[in-house]
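For reference, the structure is listed below as structure tokens.
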Amino acid sequence: MKIAYILPRVDFFSRGYGGCTSHANGFVTGCIKNDVNVDVYSGPDFDKLYKDLANNSSVQYTIGRSRFFPLFILFLMFELIKRKNEYDIVIVRYSFLAAPLISCILRLAKIDFIYEVNSFGYQQISKQSKLKNIFKKIESIFAGFSKVNIYVSETLSRKLSFTNRSYIMPNAGPEYYLGDDIILQGVKDNAIDLVFLGRTHSYYDFPTIENAIKNSERKVVLHIYGEDGVDTETTRYYGQYDIAELSKSLYVSKNTILILPYKKGTIAEIGSPTKLFDYFSLGLPILSTKVGQINDLYSDDIFFYENSSELVSLLESWNLKIDIGRRKDWYLSNHTWSSRVREFLDSDGNS
């Protein structure tokens, strides 16, 4: 089997690592693990960002030869049409700017394709306005040109109504269980260590955590990996990290807890954060607000809080016996990229 995977941004890879590139890397890796060949069509630097993947014999890489966006899209479409008979499936990452051009070209070329939808353009406009309504109407037309739309969450799939079919494919995590690398160590001063992985974006609610730490009678320290900052008595910053290396060096005791402080009314309600699956792969307990996809993918050892007082209660009474290997089979069977791709190929979503 062979898949064409179109990522229609000139700077898709040249911007560096992020959620979008992590998703693309994961999907391509999942295809390879399932003996599927992939042709990636996008902008430059895929081979710099993911060198091993680009050098894999199952992957070919076509670069748009212009930085002028319309010409960039036209070049990718020209190359795709030349080779259309090679592909069993054509998947296009949905982009509001690219959708009108791509939808029309592929429709005229009689190429069936699938849109991979992580969000709609109108959702980037925060307030209700005429522009937001115009975007929404445009997207309700062009995002319906595909034979199937792949959505990262059930919530996102309900945002616009289309006549084409939908398939839910959440993000996923590493191909191995990072919890295997963790060594459980002794507790320091009966303190709670909250661990957050990633950047502190606006869709996270850190003030609630800060208030809980301040009001807790038990010592609590927040460790932030992925961002630089000034250390305080209750907050430590560790800068950029490689999660595979982090799992080998992270100090973990029975009082170490991962935290997901998603904020209501933000994009976190419709997305599928890669962070969630990285957390699953570590096998540690998770504290989370009840926002977003974590409700759909609930597992053992996830503890929810609604506000600062509930978080304080959880922290002060924390006395959980950790079994890091408990989630291993569940994670490897359900939440790696190879399992995601396998489920998709076995479903009718690709036919």
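Residues are referred to by chain and number: the chain letter is A, B, ... according to the order shown in the structure tokens, the number counts from 1 in that chain, and ligands are numbered separately from 1 in the order shown.
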
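Residues surrounding Asp323 (chain A) within 10 Å are Gly179, Leu184, Lys254, Gly283, Leu284, Pro285 and Asp301 of chain A [only C-alpha atoms; sequence separation below 5 positions excluded].
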
Save out the residues we just selected, C-alpha atoms, as a compact mmCIF listing (two decimals), in the first residue's frame.
```
# COMPACT_ATOMS: atom_id res chain seq x y z
CA GLY A 179 7.59 4.01 31.81
CA LEU A 184 10.99 4.72 41.33
CA LYS A 254 5.34 7.84 44.71
CA GLY A 283 2.82 5.41 33.23
CA LEU A 284 2.57 7.98 36.03
CA PRO A 285 -0.65 9.24 37.66
CA ASP A 301 -4.77 6.82 37.56
```

- Task: Please give the complete set of residues from region 73-277 of chain A that DSSP, run on the backbone, assigns to alpha helix (DSSP H), formatted as a count of residues only.
- Result: 58

- Message: Just checking: using only C-alpha atoms, which residue out of A:Ser253, A:Thr234, A:Ser66, A:Ser308 ends up closest to Asn190 (chain A)?
- Response: A:Ser253

- Might you pull out every residue within 7 Å of Gly198 (chain A), with only C-alpha atoms counted and same-chain residues fewer than 3 positions away left off, and present them as a list in words?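 Counting only the stated atoms, we get Tyr225, Gly226 and Glu227 of chain A.
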
Expected file: the selected residues, N, CA, C and O atoms, as an mmCIF file, in the first residue's frame:
```
data_model
loop_
_atom_site.group_PDB
_atom_site.id
_atom_site.type_symbol
_atom_site.label_atom_id
_atom_site.label_comp_id
_atom_site.auth_asym_id
_atom_site.auth_seq_id
_atom_site.Cartn_x
_atom_site.Cartn_y
_atom_site.Cartn_z
ATOM 1 N N TYR A 225 9.049 21.312 32.352
ATOM 2 C CA TYR A 225 10.018 20.912 31.329
ATOM 3 C C TYR A 225 9.518 21.402 29.972
ATOM 4 O O TYR A 225 8.387 21.125 29.586
ATOM 5 N N GLY A 226 10.358 22.154 29.254
ATOM 6 C CA GLY A 226 9.957 22.650 27.948
ATOM 7 C C GLY A 226 9.989 24.157 27.862
ATOM 8 O O GLY A 226 9.733 24.731 26.801
ATOM 9 N N GLU A 227 10.305 24.818 28.956
ATOM 10 C CA GLU A 227 10.324 26.283 28.971
ATOM 11 C C GLU A 227 11.368 26.767 29.977
ATOM 12 O O GLU A 227 11.579 26.146 31.013
#
```

- Task: Write down as a ChimeraX atom specification the residues of region 160-301 of chain A whose backbone DSSP state falls under strand (DSSP E or B).
- Result: /A:165-168,173,184,192-197,204,220-225,235-237,252,256-260,262,286-289

How close does each residue of region 33-102 of chain A get to region 7-22 of chain A, giving the shortest atom pair and distance in Å to one decimal for every residue with an atom at most 10 Å away, counting only C-alpha atoms, sorted by chain and residue number, as a Markdown table?
```
| residue | atom | partner | partner_atom | distance |
| --- | --- | --- | --- | --- |
| A:Val40 | CA | A:Leu7 | CA | 7.5 |
| A:Tyr41 | CA | A:Leu7 | CA | 6.0 |
| A:Ser42 | CA | A:Leu7 | CA | 5.0 |
| A:Gly43 | CA | A:Val10 | CA | 4.4 |
| A:Pro44 | CA | A:Ser14 | CA | 6.4 |
| A:Asp45 | CA | A:Ser14 | CA | 5.4 |
| A:Phe46 | CA | A:Phe13 | CA | 5.5 |
| A:Asp47 | CA | A:Phe13 | CA | 9.0 |
| A:Lys48 | CA | A:Phe13 | CA | 8.6 |
| A:Leu49 | CA | A:Phe13 | CA | 6.9 |
| A:Tyr50 | CA | A:Phe13 | CA | 9.2 |
| A:Ile63 | CA | A:Val10 | CA | 8.9 |
| A:Gly64 | CA | A:Val10 | CA | 7.3 |
| A:Arg65 | CA | A:Val10 | CA | 9.4 |
| A:Ser66 | CA | A:Val10 | CA | 8.2 |
| A:Arg67 | CA | A:Val10 | CA | 6.2 |
| A:Phe68 | CA | A:Val10 | CA | 8.3 |
| A:Phe69 | CA | A:Val10 | CA | 7.0 |
| A:Phe72 | CA | A:Val10 | CA | 7.1 |
| A:Ile73 | CA | A:Pro8 | CA | 6.7 |
| A:Leu76 | CA | A:Pro8 | CA | 8.3 |
| A:Met77 | CA | A:Pro8 | CA | 9.9 |
| A:Ile91 | CA | A:Leu7 | CA | 8.8 |
| A:Val92 | CA | A:Leu7 | CA | 6.3 |
| A:Arg93 | CA | A:Leu7 | CA | 5.3 |
| A:Tyr94 | CA | A:Pro8 | CA | 8.0 |
| A:Ser95 | CA | A:Pro8 | CA | 7.2 |
| A:Leu97 | CA | A:Pro8 | CA | 9.1 |
| A:Ala98 | CA | A:Pro8 | CA | 6.7 |
| A:Ala99 | CA | A:Pro8 | CA | 9.1 |
| A:Ile102 | CA | A:Pro8 | CA | 9.1 |
```
